[in-house]
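Pasted below: upload_36.csv, CSV, C-alpha atoms.
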```
chain,number,residue,atom,x,y,z
A,107,MET,CA,-0.1,-9.6,2.3
A,108,SER,CA,-3.6,-10.9,2.1
A,109,ASP,CA,-2.8,-14.2,3.6
A,110,THR,CA,-4.9,-15.0,6.7
A,111,PRO,CA,-2.9,-14.4,9.8
A,112,GLY,CA,-4.0,-17.4,11.6
A,113,ALA,CA,-0.6,-19.0,11.8
A,114,GLY,CA,1.1,-19.6,15.1
A,115,SER,CA,3.7,-16.9,14.5
A,116,ASP,CA,1.1,-14.2,14.8
A,117,VAL,CA,0.2,-15.4,18.2
A,118,ASP,CA,3.8,-14.9,19.2
A,119,ASP,CA,3.8,-11.4,17.8
A,120,ALA,CA,0.7,-10.7,19.7
A,121,ALA,CA,2.4,-11.9,22.9
A,122,ALA,CA,5.4,-9.6,22.2
A,123,GLY,CA,3.1,-6.7,21.6
A,124,SER,CA,1.4,-7.1,25.0
A,125,GLY,CA,4.8,-6.7,26.6
A,126,ASP,CA,5.4,-3.4,24.8
A,127,ALA,CA,2.1,-2.0,25.9
A,128,SER,CA,2.7,-2.7,29.6
A,129,ASP,CA,2.8,1.0,30.4
A,130,ALA,CA,-1.0,1.1,30.0
A,131,PRO,CA,-2.5,0.5,33.4
A,132,ASP,CA,-5.0,-2.1,34.5
A,133,VAL,CA,-5.8,-3.5,31.1
A,134,SER,CA,-6.3,-6.9,32.6
A,135,ASP,CA,-9.2,-5.6,34.7
A,136,ARG,CA,-11.2,-4.7,31.6
A,137,PRO,CA,-13.8,-7.2,30.4
A,138,PRO,CA,-12.8,-9.1,27.3
A,139,ILE,CA,-13.7,-7.4,24.1
A,140,GLU,CA,-16.8,-8.8,22.5
A,141,PRO,CA,-16.3,-8.6,18.7
A,142,THR,CA,-19.4,-6.8,17.4
A,143,TYR,CA,-20.6,-7.3,13.9
A,144,SER,CA,-24.0,-6.0,13.3
A,145,GLY,CA,-26.7,-8.3,11.9
A,146,HIS,CA,-24.9,-11.6,12.0
A,147,ASP,CA,-24.5,-14.0,14.9
A,148,ASP,CA,-21.7,-16.0,13.3
A,149,ARG,CA,-18.8,-16.6,15.6
A,150,PRO,CA,-15.6,-14.8,15.0
A,151,HIS,CA,-13.1,-16.8,13.0
A,152,LEU,CA,-10.0,-15.1,14.4
A,153,SER,CA,-9.7,-13.7,17.9
A,154,GLN,CA,-9.6,-10.0,18.7
A,155,ILE,CA,-6.0,-10.2,19.8
A,156,GLN,CA,-4.8,-11.6,16.5
A,157,ARG,CA,-6.7,-9.0,14.6
A,158,GLN,CA,-5.6,-6.0,16.6
A,159,GLN,CA,-2.0,-6.6,15.9
A,160,THR,CA,-1.0,-5.9,12.3
A,161,PRO,CA,0.1,-9.3,11.1
A,162,TYR,CA,3.4,-9.7,9.4
A,163,THR,CA,4.4,-13.0,7.8
A,164,GLU,CA,7.9,-13.1,6.3
A,165,SER,CA,7.7,-14.4,2.8
A,166,GLN,CA,10.7,-15.0,0.6
A,167,VAL,CA,8.6,-14.8,-2.5
A,168,ILE,CA,7.0,-11.5,-1.7
A,169,MET,CA,10.3,-10.0,-0.5
A,170,SER,CA,12.2,-11.1,-3.7
A,171,THR,CA,9.4,-9.8,-5.9
A,172,VAL,CA,9.3,-6.4,-4.2
A,173,LYS,CA,13.1,-6.1,-4.4
A,174,VAL,CA,12.8,-6.5,-8.2
A,175,VAL,CA,9.7,-4.4,-8.8
A,176,ALA,CA,10.3,-1.5,-6.4
A,177,PRO,CA,13.0,0.3,-8.3
A,178,PHE,CA,11.1,0.2,-11.5
A,179,ALA,CA,7.8,1.3,-9.8
A,180,LEU,CA,9.6,4.2,-8.1
A,181,THR,CA,11.2,5.2,-11.4
A,182,PHE,CA,7.8,5.1,-13.1
A,183,GLY,CA,6.3,7.2,-10.3
A,184,LEU,CA,9.1,9.8,-10.7
A,185,PHE,CA,8.7,9.8,-14.5
A,186,VAL,CA,5.0,10.3,-14.3
A,187,THR,CA,5.6,13.2,-11.9
A,188,PHE,CA,8.4,14.9,-13.8
A,189,HIS,CA,7.1,14.3,-17.3
A,190,GLY,CA,3.5,15.2,-16.5
A,191,ALA,CA,3.7,18.5,-18.5
A,192,ASP,CA,3.9,16.7,-21.8
A,193,SER,CA,2.4,13.3,-21.2
A,194,PRO,CA,-0.3,11.8,-19.1
A,195,GLY,CA,0.3,12.1,-15.5
A,196,GLY,CA,1.3,14.7,-13.0
A,197,GLY,CA,2.0,15.3,-9.4
A,198,PHE,CA,-1.1,13.5,-8.1
A,199,GLN,CA,-0.6,10.3,-10.0
A,200,GLY,CA,3.2,10.2,-9.6
A,201,GLY,CA,3.0,10.9,-5.9
A,202,ALA,CA,0.4,8.1,-5.5
A,203,ILE,CA,2.6,5.7,-7.4
A,204,ALA,CA,5.7,6.6,-5.3
A,205,ALA,CA,3.6,6.2,-2.1
A,206,ALA,CA,2.4,2.8,-3.4
A,207,VAL,CA,6.1,1.7,-3.6
A,208,VAL,CA,6.6,2.5,0.1
A,209,LEU,CA,3.4,0.6,0.9
A,210,MET,CA,4.7,-2.3,-1.1
A,211,ILE,CA,8.0,-2.3,0.7
A,212,ALA,CA,6.1,-2.1,4.0
A,213,PHE,CA,4.1,-5.2,3.2
A,214,ALA,CA,7.1,-7.2,2.2
A,215,PHE,CA,9.5,-6.2,4.9
A,216,GLY,CA,7.2,-5.3,7.8
A,217,ILE,CA,5.5,-2.0,8.7
A,218,ASP,CA,7.6,-1.5,11.8
A,219,ALA,CA,10.8,-2.0,9.8
A,220,THR,CA,9.6,0.6,7.3
A,221,ARG,CA,8.7,3.1,10.0
A,222,GLU,CA,12.4,3.0,11.0
A,223,TRP,CA,13.6,4.6,7.8
A,224,PHE,CA,10.4,6.4,6.7
A,225,THR,CA,10.1,8.3,9.9
A,226,ASN,CA,7.4,10.7,11.0
A,227,VAL,CA,9.8,13.6,10.2
A,228,VAL,CA,9.9,12.5,6.6
A,229,VAL,CA,6.1,12.0,6.3
A,230,VAL,CA,5.3,15.4,7.9
A,231,GLY,CA,8.1,17.1,5.9
A,232,LEU,CA,6.7,15.8,2.6
A,233,ALA,CA,3.1,16.8,3.4
A,234,VAL,CA,3.8,20.2,5.1
A,235,GLY,CA,6.6,21.0,2.7
A,236,GLY,CA,4.4,20.4,-0.3
A,237,VAL,CA,1.7,22.7,1.0
A,238,LEU,CA,4.3,25.4,1.8
A,239,VAL,CA,5.9,25.2,-1.6
A,240,PHE,CA,2.6,25.3,-3.4
A,241,GLY,CA,1.4,28.3,-1.4
A,242,GLY,CA,4.8,29.9,-1.6
A,243,ILE,CA,4.9,29.7,-5.4
A,244,GLY,CA,1.3,31.1,-5.4
A,245,LEU,CA,2.3,34.0,-3.1
A,246,VAL,CA,5.2,35.1,-5.3
A,247,GLY,CA,2.8,36.6,-7.8
A,248,LEU,CA,0.8,38.2,-5.1
A,249,VAL,CA,3.9,39.8,-3.5
A,250,ASP,CA,5.0,41.0,-6.9
A,251,GLY,CA,1.8,42.9,-7.3
A,252,GLY,CA,-0.1,40.4,-9.4
A,253,THR,CA,-2.6,37.7,-8.5
A,254,PHE,CA,-2.3,34.4,-6.6
A,255,LEU,CA,-0.5,31.8,-8.6
A,256,GLU,CA,0.4,34.2,-11.4
A,257,TYR,CA,3.3,32.2,-12.7
A,258,ALA,CA,4.4,34.8,-15.2
A,259,ARG,CA,5.7,36.9,-12.3
A,260,LEU,CA,8.1,34.2,-11.1
A,261,PRO,CA,11.8,35.4,-11.5
A,262,ILE,CA,12.9,32.4,-13.5
A,263,PRO,CA,13.2,31.6,-17.3
A,264,HIS,CA,10.0,30.2,-18.8
A,265,PRO,CA,8.1,31.1,-15.7
A,266,VAL,CA,4.7,29.7,-16.5
A,267,LYS,CA,6.0,26.3,-17.6
A,268,TYR,CA,8.5,25.9,-14.8
A,269,GLY,CA,6.1,27.4,-12.3
A,270,MET,CA,3.6,24.7,-13.1
A,271,GLU,CA,6.2,22.0,-13.0
A,272,GLY,CA,7.3,23.3,-9.6
A,273,VAL,CA,3.8,23.2,-8.3
A,274,GLU,CA,3.3,19.6,-9.6
A,275,ILE,CA,6.7,18.2,-8.6
A,276,LEU,CA,7.5,20.0,-5.4
A,277,GLY,CA,3.9,20.7,-4.3
A,278,ILE,CA,1.3,18.2,-5.2
A,279,ALA,CA,3.5,15.1,-5.5
A,280,PRO,CA,5.0,15.4,-2.0
A,281,ILE,CA,1.7,16.2,-0.4
A,282,VAL,CA,0.0,13.1,-1.9
A,283,ALA,CA,2.9,10.8,-1.3
A,284,GLY,CA,3.4,12.0,2.3
A,285,VAL,CA,-0.3,11.8,3.2
A,286,LEU,CA,-0.9,8.4,1.6
A,287,VAL,CA,2.1,6.9,3.5
A,288,GLY,CA,0.9,8.7,6.6
A,289,LEU,CA,-2.6,7.3,6.3
A,290,PHE,CA,-1.1,3.8,5.9
A,291,PHE,CA,1.0,4.1,9.0
A,292,LEU,CA,-1.9,5.6,10.9
A,293,LEU,CA,-4.2,2.8,10.0
A,294,ALA,CA,-1.5,0.2,10.8
A,295,ALA,CA,-1.0,1.8,14.2
A,296,GLY,CA,-4.8,1.8,14.8
A,297,PHE,CA,-6.9,3.6,17.3
A,298,ASP,CA,-5.3,4.6,20.6
A,299,ASP,CA,-7.8,5.3,23.4
A,300,ARG,CA,-5.2,6.0,26.1
A,301,ASP,CA,-4.6,9.5,27.3
A,302,GLY,CA,-1.5,11.1,25.8
A,303,ALA,CA,-1.5,8.9,22.8
A,304,GLY,CA,2.1,8.6,21.6
A,305,THR,CA,4.2,6.7,19.2
A,306,GLU,CA,3.3,3.2,20.4
A,307,THR,CA,2.2,1.0,17.7
A,308,GLU,CA,0.5,-1.5,19.8
A,309,ILE,CA,-3.0,-1.1,21.3
A,310,ALA,CA,-3.5,-1.8,24.9
A,311,ASP,CA,-6.8,-3.4,24.3
A,312,ALA,CA,-5.1,-6.2,22.4
A,313,THR,CA,-3.8,-7.7,25.6
A,314,THR,CA,-7.1,-8.9,27.0
A,315,ASP,CA,-8.6,-11.7,25.0
A,316,ASP,CA,-6.3,-14.6,25.8
A,317,ALA,CA,-8.9,-17.3,26.0
A,318,THR,CA,-10.0,-16.9,22.5
A,319,THR,CA,-6.5,-17.2,21.3
A,320,GLU,CA,-6.1,-20.6,22.8
A,321,ASP,CA,-9.3,-21.8,21.2
A,322,ASP,CA,-8.2,-20.8,17.8
A,323,ARG,CA,-4.9,-22.6,17.8
B,274,MET,CA,-23.7,4.8,-28.1
B,275,SER,CA,-23.1,3.2,-31.5
B,276,ALA,CA,-22.5,-0.5,-31.9
B,277,THR,CA,-18.8,-0.1,-32.5
B,278,VAL,CA,-17.7,-1.8,-29.3
B,279,THR,CA,-14.7,-3.9,-29.8
B,280,ALA,CA,-14.3,-7.3,-28.3
B,281,ILE,CA,-11.8,-6.1,-25.7
B,282,GLU,CA,-14.1,-3.3,-24.6
B,283,ALA,CA,-17.0,-5.8,-24.3
B,284,ALA,CA,-14.9,-8.1,-22.3
B,285,LEU,CA,-13.8,-5.3,-20.0
B,286,PHE,CA,-17.4,-4.2,-19.6
B,287,VAL,CA,-18.4,-7.7,-18.6
B,288,PHE,CA,-15.5,-8.0,-16.2
B,289,VAL,CA,-16.2,-4.7,-14.6
B,290,ILE,CA,-19.9,-5.4,-14.1
B,291,ALA,CA,-19.2,-8.9,-12.8
B,292,THR,CA,-16.6,-7.7,-10.3
B,293,ALA,CA,-18.9,-4.9,-9.2
B,294,VAL,CA,-21.8,-7.4,-8.5
B,295,VAL,CA,-19.5,-9.8,-6.7
B,296,THR,CA,-18.1,-6.9,-4.6
B,297,ALA,CA,-21.6,-6.0,-3.5
B,298,LEU,CA,-22.8,-9.6,-2.9
B,299,ALA,CA,-19.7,-11.4,-1.4
B,300,ARG,CA,-20.3,-12.3,2.2
B,301,ASP,CA,-16.7,-12.3,3.2
B,302,VAL,CA,-15.3,-8.7,3.5
B,303,LEU,CA,-11.8,-9.9,2.5
B,304,SER,CA,-13.2,-11.4,-0.8
B,305,SER,CA,-15.1,-8.2,-1.4
B,306,ILE,CA,-11.9,-6.1,-1.1
B,307,ILE,CA,-9.9,-8.3,-3.4
B,308,VAL,CA,-12.6,-8.3,-6.0
B,309,PHE,CA,-13.0,-4.5,-5.6
B,310,GLY,CA,-9.3,-4.2,-6.4
B,311,ALA,CA,-9.8,-6.2,-9.6
B,312,TYR,CA,-12.8,-3.9,-10.4
B,313,SER,CA,-10.7,-0.8,-10.1
B,314,LEU,CA,-8.1,-2.4,-12.4
B,315,GLY,CA,-10.8,-3.1,-15.0
B,316,MET,CA,-12.0,0.5,-14.7
B,317,ALA,CA,-8.5,1.8,-15.2
B,318,ALA,CA,-8.2,-0.3,-18.4
B,319,LEU,CA,-11.6,1.1,-19.6
B,320,TYR,CA,-10.5,4.7,-19.0
B,321,THR,CA,-7.4,4.0,-21.1
B,322,PHE,CA,-9.6,2.8,-23.9
B,323,TYR,CA,-11.6,6.0,-23.8
B,324,ARG,CA,-8.6,8.2,-24.0
B,325,ALA,CA,-8.5,9.3,-20.4
B,326,PRO,CA,-5.0,8.2,-19.4
B,327,ASP,CA,-4.7,10.7,-16.6
B,328,VAL,CA,-7.8,9.3,-15.0
B,329,ALA,CA,-6.7,5.8,-15.6
B,330,LEU,CA,-3.4,6.4,-13.9
B,331,THR,CA,-5.2,7.8,-10.9
B,332,GLU,CA,-7.7,5.0,-10.8
B,333,ALA,CA,-4.9,2.3,-11.0
B,334,ALA,CA,-2.7,3.9,-8.4
B,335,ILE,CA,-5.2,5.2,-5.9
B,336,SER,CA,-8.2,2.9,-6.2
B,337,ALA,CA,-6.6,-0.4,-7.3
B,338,GLY,CA,-3.4,0.1,-5.3
B,339,VAL,CA,-3.6,2.3,-2.3
B,340,THR,CA,-7.2,2.0,-1.4
B,341,THR,CA,-7.1,-1.8,-1.5
B,342,VAL,CA,-4.1,-1.8,0.8
B,343,LEU,CA,-5.8,0.6,3.2
B,344,LEU,CA,-9.0,-1.5,3.3
B,345,LEU,CA,-7.0,-4.7,3.9
B,346,LEU,CA,-5.1,-3.0,6.8
B,347,THR,CA,-8.4,-1.9,8.2
B,348,ILE,CA,-10.1,-5.3,8.1
B,349,ALA,CA,-7.0,-6.9,9.4
B,350,LYS,CA,-7.9,-5.0,12.6
B,351,THR,CA,-11.4,-6.4,12.8
B,352,SER,CA,-12.8,-9.9,13.5
B,353,ARG,CA,-13.3,-12.1,10.5
B,354,MET,CA,-16.5,-14.0,10.4
B,355,ASN,CA,-16.6,-17.7,9.6
B,356,HIS,CA,-19.0,-17.7,6.7
B,357,GLU,CA,-20.7,-20.8,5.3
B,358,ALA,CA,-22.5,-19.0,2.5
B,359,VAL,CA,-20.3,-17.4,-0.2
B,360,PHE,CA,-22.8,-14.7,-1.1
B,361,GLU,CA,-25.1,-12.4,0.9
B,362,ARG,CA,-28.8,-13.1,0.9
B,363,VAL,CA,-30.4,-10.5,-1.4
B,364,ASP,CA,-33.0,-8.3,0.2
B,365,PRO,CA,-35.9,-8.1,-2.3
B,366,THR,CA,-36.7,-4.5,-1.4
B,367,ALA,CA,-33.1,-3.4,-1.9
B,368,ALA,CA,-32.8,-5.4,-5.1
B,369,LEU,CA,-35.9,-3.7,-6.4
B,370,ALA,CA,-34.6,-0.2,-5.6
B,371,VAL,CA,-31.2,-0.8,-7.1
B,372,GLY,CA,-32.7,-2.5,-10.1
B,373,GLY,CA,-35.1,0.5,-10.6
B,374,LEU,CA,-32.2,2.9,-10.4
B,375,CYS,CA,-30.2,0.9,-12.9
B,376,VAL,CA,-33.1,1.0,-15.3
B,377,VAL,CA,-33.5,4.8,-15.0
B,378,LEU,CA,-29.7,5.3,-15.5
B,379,LEU,CA,-29.5,2.9,-18.4
B,380,ALA,CA,-32.5,4.8,-20.1
B,381,THR,CA,-30.3,7.9,-20.3
B,382,VAL,CA,-27.4,6.0,-22.1
B,383,THR,CA,-29.1,6.2,-25.5
B,384,GLN,CA,-29.2,10.0,-25.3
B,385,MET,CA,-25.5,10.3,-24.7
B,386,PRO,CA,-23.2,11.4,-27.5
B,387,THR,CA,-21.0,8.8,-29.2
B,388,VAL,CA,-17.6,8.4,-27.8
B,389,GLY,CA,-15.3,10.8,-29.7
B,390,ASP,CA,-18.1,12.6,-31.4
B,391,PRO,CA,-16.7,16.0,-32.4
B,392,THR,CA,-20.1,17.7,-32.1
B,393,ALA,CA,-20.6,16.5,-28.5
B,394,PRO,CA,-21.2,19.5,-26.2
B,395,VAL,CA,-18.0,18.9,-24.3
B,396,TYR,CA,-15.9,19.2,-27.5
B,397,ALA,CA,-18.0,21.7,-29.4
B,398,ASN,CA,-17.9,24.3,-26.6
B,399,PRO,CA,-15.6,27.0,-28.1
B,400,ASP,CA,-15.5,29.1,-24.9
B,401,VAL,CA,-14.1,26.5,-22.6
B,402,THR,CA,-12.8,23.3,-24.2
B,403,GLY,CA,-12.0,24.9,-27.5
B,404,TYR,CA,-10.1,27.7,-25.8
B,405,TYR,CA,-8.0,25.3,-23.7
B,406,LEU,CA,-7.3,23.0,-26.7
B,407,GLU,CA,-6.2,25.9,-28.9
B,408,ASN,CA,-4.3,28.1,-26.5
B,409,THR,CA,-2.8,25.9,-23.9
B,410,TYR,CA,0.6,25.6,-25.6
B,411,ALA,CA,0.8,29.3,-26.4
B,412,ASP,CA,-0.3,30.3,-22.9
B,413,THR,CA,1.6,28.0,-20.7
B,414,GLY,CA,4.2,26.1,-22.8
B,415,VAL,CA,3.2,22.6,-21.7
B,416,GLY,CA,1.7,20.0,-24.0
B,417,ASN,CA,-0.6,18.2,-21.5
B,418,THR,CA,-3.8,20.2,-21.5
B,419,VAL,CA,-5.2,18.4,-18.5
B,420,MET,CA,-2.2,19.5,-16.5
B,421,ALA,CA,-2.4,23.0,-17.8
B,422,VAL,CA,-6.0,23.3,-16.7
B,423,LEU,CA,-5.2,21.8,-13.3
B,424,ALA,CA,-2.1,23.7,-12.5
B,425,SER,CA,-2.6,27.0,-14.3
B,426,TYR,CA,-6.1,27.8,-15.5
B,427,ARG,CA,-7.7,26.2,-12.4
B,428,GLY,CA,-4.6,26.5,-10.2
B,429,PHE,CA,-6.5,28.0,-7.2
B,430,ASP,CA,-8.9,25.0,-7.2
B,431,THR,CA,-6.0,22.6,-7.3
B,432,PHE,CA,-4.4,24.4,-4.4
B,433,GLY,CA,-7.6,23.9,-2.4
B,434,GLU,CA,-7.6,20.2,-3.4
B,435,ALA,CA,-4.0,19.7,-2.3
B,436,VAL,CA,-4.8,21.3,1.0
B,437,VAL,CA,-7.9,19.0,1.3
B,438,VAL,CA,-5.6,16.0,0.9
B,439,PHE,CA,-3.3,17.4,3.6
B,440,GLY,CA,-6.4,18.0,5.8
B,441,ALA,CA,-7.4,14.4,5.3
B,442,GLY,CA,-4.2,13.2,6.8
B,443,ILE,CA,-4.7,15.6,9.8
B,444,ALA,CA,-8.3,14.5,10.2
B,445,THR,CA,-7.3,10.8,10.3
B,446,MET,CA,-4.7,11.6,13.0
B,447,LEU,CA,-7.4,13.4,15.0
B,448,VAL,CA,-9.9,10.5,14.7
B,449,LEU,CA,-7.3,7.9,15.7
B,450,HIS,CA,-6.0,10.0,18.6
B,451,ARG,CA,-2.5,10.0,17.3
B,452,GLU,CA,0.0,12.8,17.2
B,453,VAL,CA,2.5,11.4,14.8
B,454,PHE,CA,2.1,9.6,11.5
B,455,SER,CA,4.4,6.7,12.3
```

Using structure tokens, write down the structure from this file.
Amino acid sequence: MSDTPGAGSDVDDAAAGSGDASDAPDVSDRPPIEPTYSGHDDRPHLSQIQRQQTPYTESQVIMSTVKVVAPFALTFGLFVTFHGADSPGGGFQGGAIAAAVVLMIAFAFGIDATREWFTNVVVVGLAVGGVLVFGGIGLVGLVDGGTFLEYARLPIPHPVKYGMEGVEILGIAPIVAGVLVGLFFLLAAGFDDRDGAGTETEIADATTDDATTEDDR
Amino acid sequence: MSATVTAIEAALFVFVIATAVVTALARDVLSSIIVFGAYSLGMAALYTFYRAPDVALTEAAISAGVTTVLLLLTIAKTSRMNHEAVFERVDPTAALAVGGLCVVLLATVTQMPTVGDPTAPVYANPDVTGYYLENTYADTGVGNTVMAVLASYRGFDTFGEAVVVFGAGIATMLVLHREVFS
């Protein structure tokens, strides 16, 4: 994942990306982007076009490792979440570990491929659903005539213990997992300066700096 | 602090300080990020040694894992400079300021209570810490006091925190001009 994307395949990816972004008008009329890096006048090592695309290099080693590690890491994340009441951990830590599993899979198998099954609906559902569940559990006590988050008024056996577990497992963990994966996808998609920014993952600006690409090869 | 620092702790301290210095001084941003991930892992191990496994889990998952990945993604979108020097030049004024701050902070270390000292203010406070430690199980039925404080005693604060995390996702969408996460 941290390997430098200077290989030839990335240039091909970049070319494919420029085709996808063809709905953006007159990108070719813009001046080439000058990479700015304050304080240093070193020359850029990699061109803007290579860097704007999120590079993906298919690696058998990384894919095999992630295939082996991911089930265990996800199980650990769920354990930390569900067992947080009686051992170290809780919703925040468990949600972060579960999100890290998704990030790991995305690095091994490609971010676009991960987007296809971990869709926007899932991300938003986790984040919004978590907030609603947390708030909803809190409001039960208020509706029942008590105070906000007064677990003892929940209509379930062992209300305080299971109320806390519910907040951790169904509230905090989904929020953290959803938002972390969402941040990852957002950063991978990058900044979109077109009007009506949509679901495109490519950036129109990435189509300009062809000359530098040739120099770097 | 007393002089009962084990060899593993000492090694971890040296590792953490060395990685912190390299993170600050490395010229190449990619190197900085990788070393910063190692620093976070060292900090997570240190937290475990000092009986703070909840913090250690968070540090390992968030700081060593997710933050490193997010930083890598971010610099993957910038230009990488071709550096000849491995380390940054050190600005004398900045070095003096940072060194002075370190001296001031280190001067306070001798006044801190020993790790695990039962008379340390954080333990010996019967109204807060003592109350939680004695009554958590009777009040809530869970064994992890940290979680009881987070989810029950300070539940409203935690609700605010969770909404802040949610808001961070929304704010990033706004900044990046996107309407969907993926």

Handout entry: Exercise: stretch 276-290 of chain A partners within 9 Å, only C-alpha atoms, chain neighbours under 3 positions left out, as an MDAnalysis selection string
Key = (chainID A and resid 187 196:206 208:209 224 226 228:241 271:273 293:295) or (chainID B and resid 339 342:343 346 431:432 435:436 438:439 441:443 445:446 453:455)

Hey, could you make a per-residue contact list for chain B against chain A with 6 Å as the cut-off, showing the nearest pair of atoms and its distance in Å to one decimal, counting all atoms listed in the file, sorted by chain and number, as JSON lines?
```
{"residue": "B:Pro326", "atom": "CA", "partner": "A:Pro194", "partner_atom": "CA", "distance": 5.9}
{"residue": "B:Asp327", "atom": "CA", "partner": "A:Pro194", "partner_atom": "CA", "distance": 5.2}
{"residue": "B:Thr331", "atom": "CA", "partner": "A:Gln199", "partner_atom": "CA", "distance": 5.3}
{"residue": "B:Ala334", "atom": "CA", "partner": "A:Ile203", "partner_atom": "CA", "distance": 5.7}
{"residue": "B:Ala349", "atom": "CA", "partner": "A:Arg157", "partner_atom": "CA", "distance": 5.6}
{"residue": "B:Lys350", "atom": "CA", "partner": "A:Arg157", "partner_atom": "CA", "distance": 4.6}
{"residue": "B:Thr351", "atom": "CA", "partner": "A:Arg157", "partner_atom": "CA", "distance": 5.7}
{"residue": "B:Ser352", "atom": "CA", "partner": "A:Pro150", "partner_atom": "CA", "distance": 5.8}
{"residue": "B:Arg353", "atom": "CA", "partner": "A:His151", "partner_atom": "CA", "distance": 5.3}
{"residue": "B:Met354", "atom": "CA", "partner": "A:Pro150", "partner_atom": "CA", "distance": 4.8}
{"residue": "B:Asn355", "atom": "CA", "partner": "A:His151", "partner_atom": "CA", "distance": 5.0}
{"residue": "B:Thr413", "atom": "CA", "partner": "A:Val266", "partner_atom": "CA", "distance": 5.5}
{"residue": "B:Gly414", "atom": "CA", "partner": "A:Lys267", "partner_atom": "CA", "distance": 5.5}
{"residue": "B:Val415", "atom": "CA", "partner": "A:Ala191", "partner_atom": "CA", "distance": 5.2}
{"residue": "B:Gly416", "atom": "CA", "partner": "A:Asp192", "partner_atom": "CA", "distance": 4.5}
{"residue": "B:Asn417", "atom": "CA", "partner": "A:Asp192", "partner_atom": "CA", "distance": 4.8}
{"residue": "B:Ala424", "atom": "CA", "partner": "A:Met270", "partner_atom": "CA", "distance": 5.8}
{"residue": "B:Gly442", "atom": "CA", "partner": "A:Val285", "partner_atom": "CA", "distance": 5.5}
{"residue": "B:Leu449", "atom": "CA", "partner": "A:Phe297", "partner_atom": "CA", "distance": 4.6}
{"residue": "B:His450", "atom": "CA", "partner": "A:Asp298", "partner_atom": "CA", "distance": 5.8}
{"residue": "B:Arg451", "atom": "CA", "partner": "A:Ala303", "partner_atom": "CA", "distance": 5.7}
{"residue": "B:Phe454", "atom": "CA", "partner": "A:Gly288", "partner_atom": "CA", "distance": 5.1}
{"residue": "B:Ser455", "atom": "CA", "partner": "A:Asn226", "partner_atom": "CA", "distance": 5.2}
```

Problem - Atom pair atom CA of B:Tyr405 / atom CA of B:Glu434: separation (Å) - result: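 Separating atom CA of B:Tyr405 from atom CA of B:Glu434 is a distance of 20.9 Å.
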
Exercise for the section: One decimal, Å: what's the distance from atom CA of A:Ser170 over to atom CA of A:Ile211, could you say? Expected result: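 Pair atom CA of A:Ser170 / atom CA of A:Ile211 returns 10.7 Å.
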
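Take atom CA of B:Thr296 and atom CA of B:Val308: the distance between them is 5.8 Å.
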
Exercise for the section: Up to 9 Å from (-12.3, -2.4, -10.0) in the file's coordinates: name the residues, counting only C-alpha atoms, as a ChimeraX atom specification. Expected result: /B:288-289,292-293,308-317,332-333,336-337
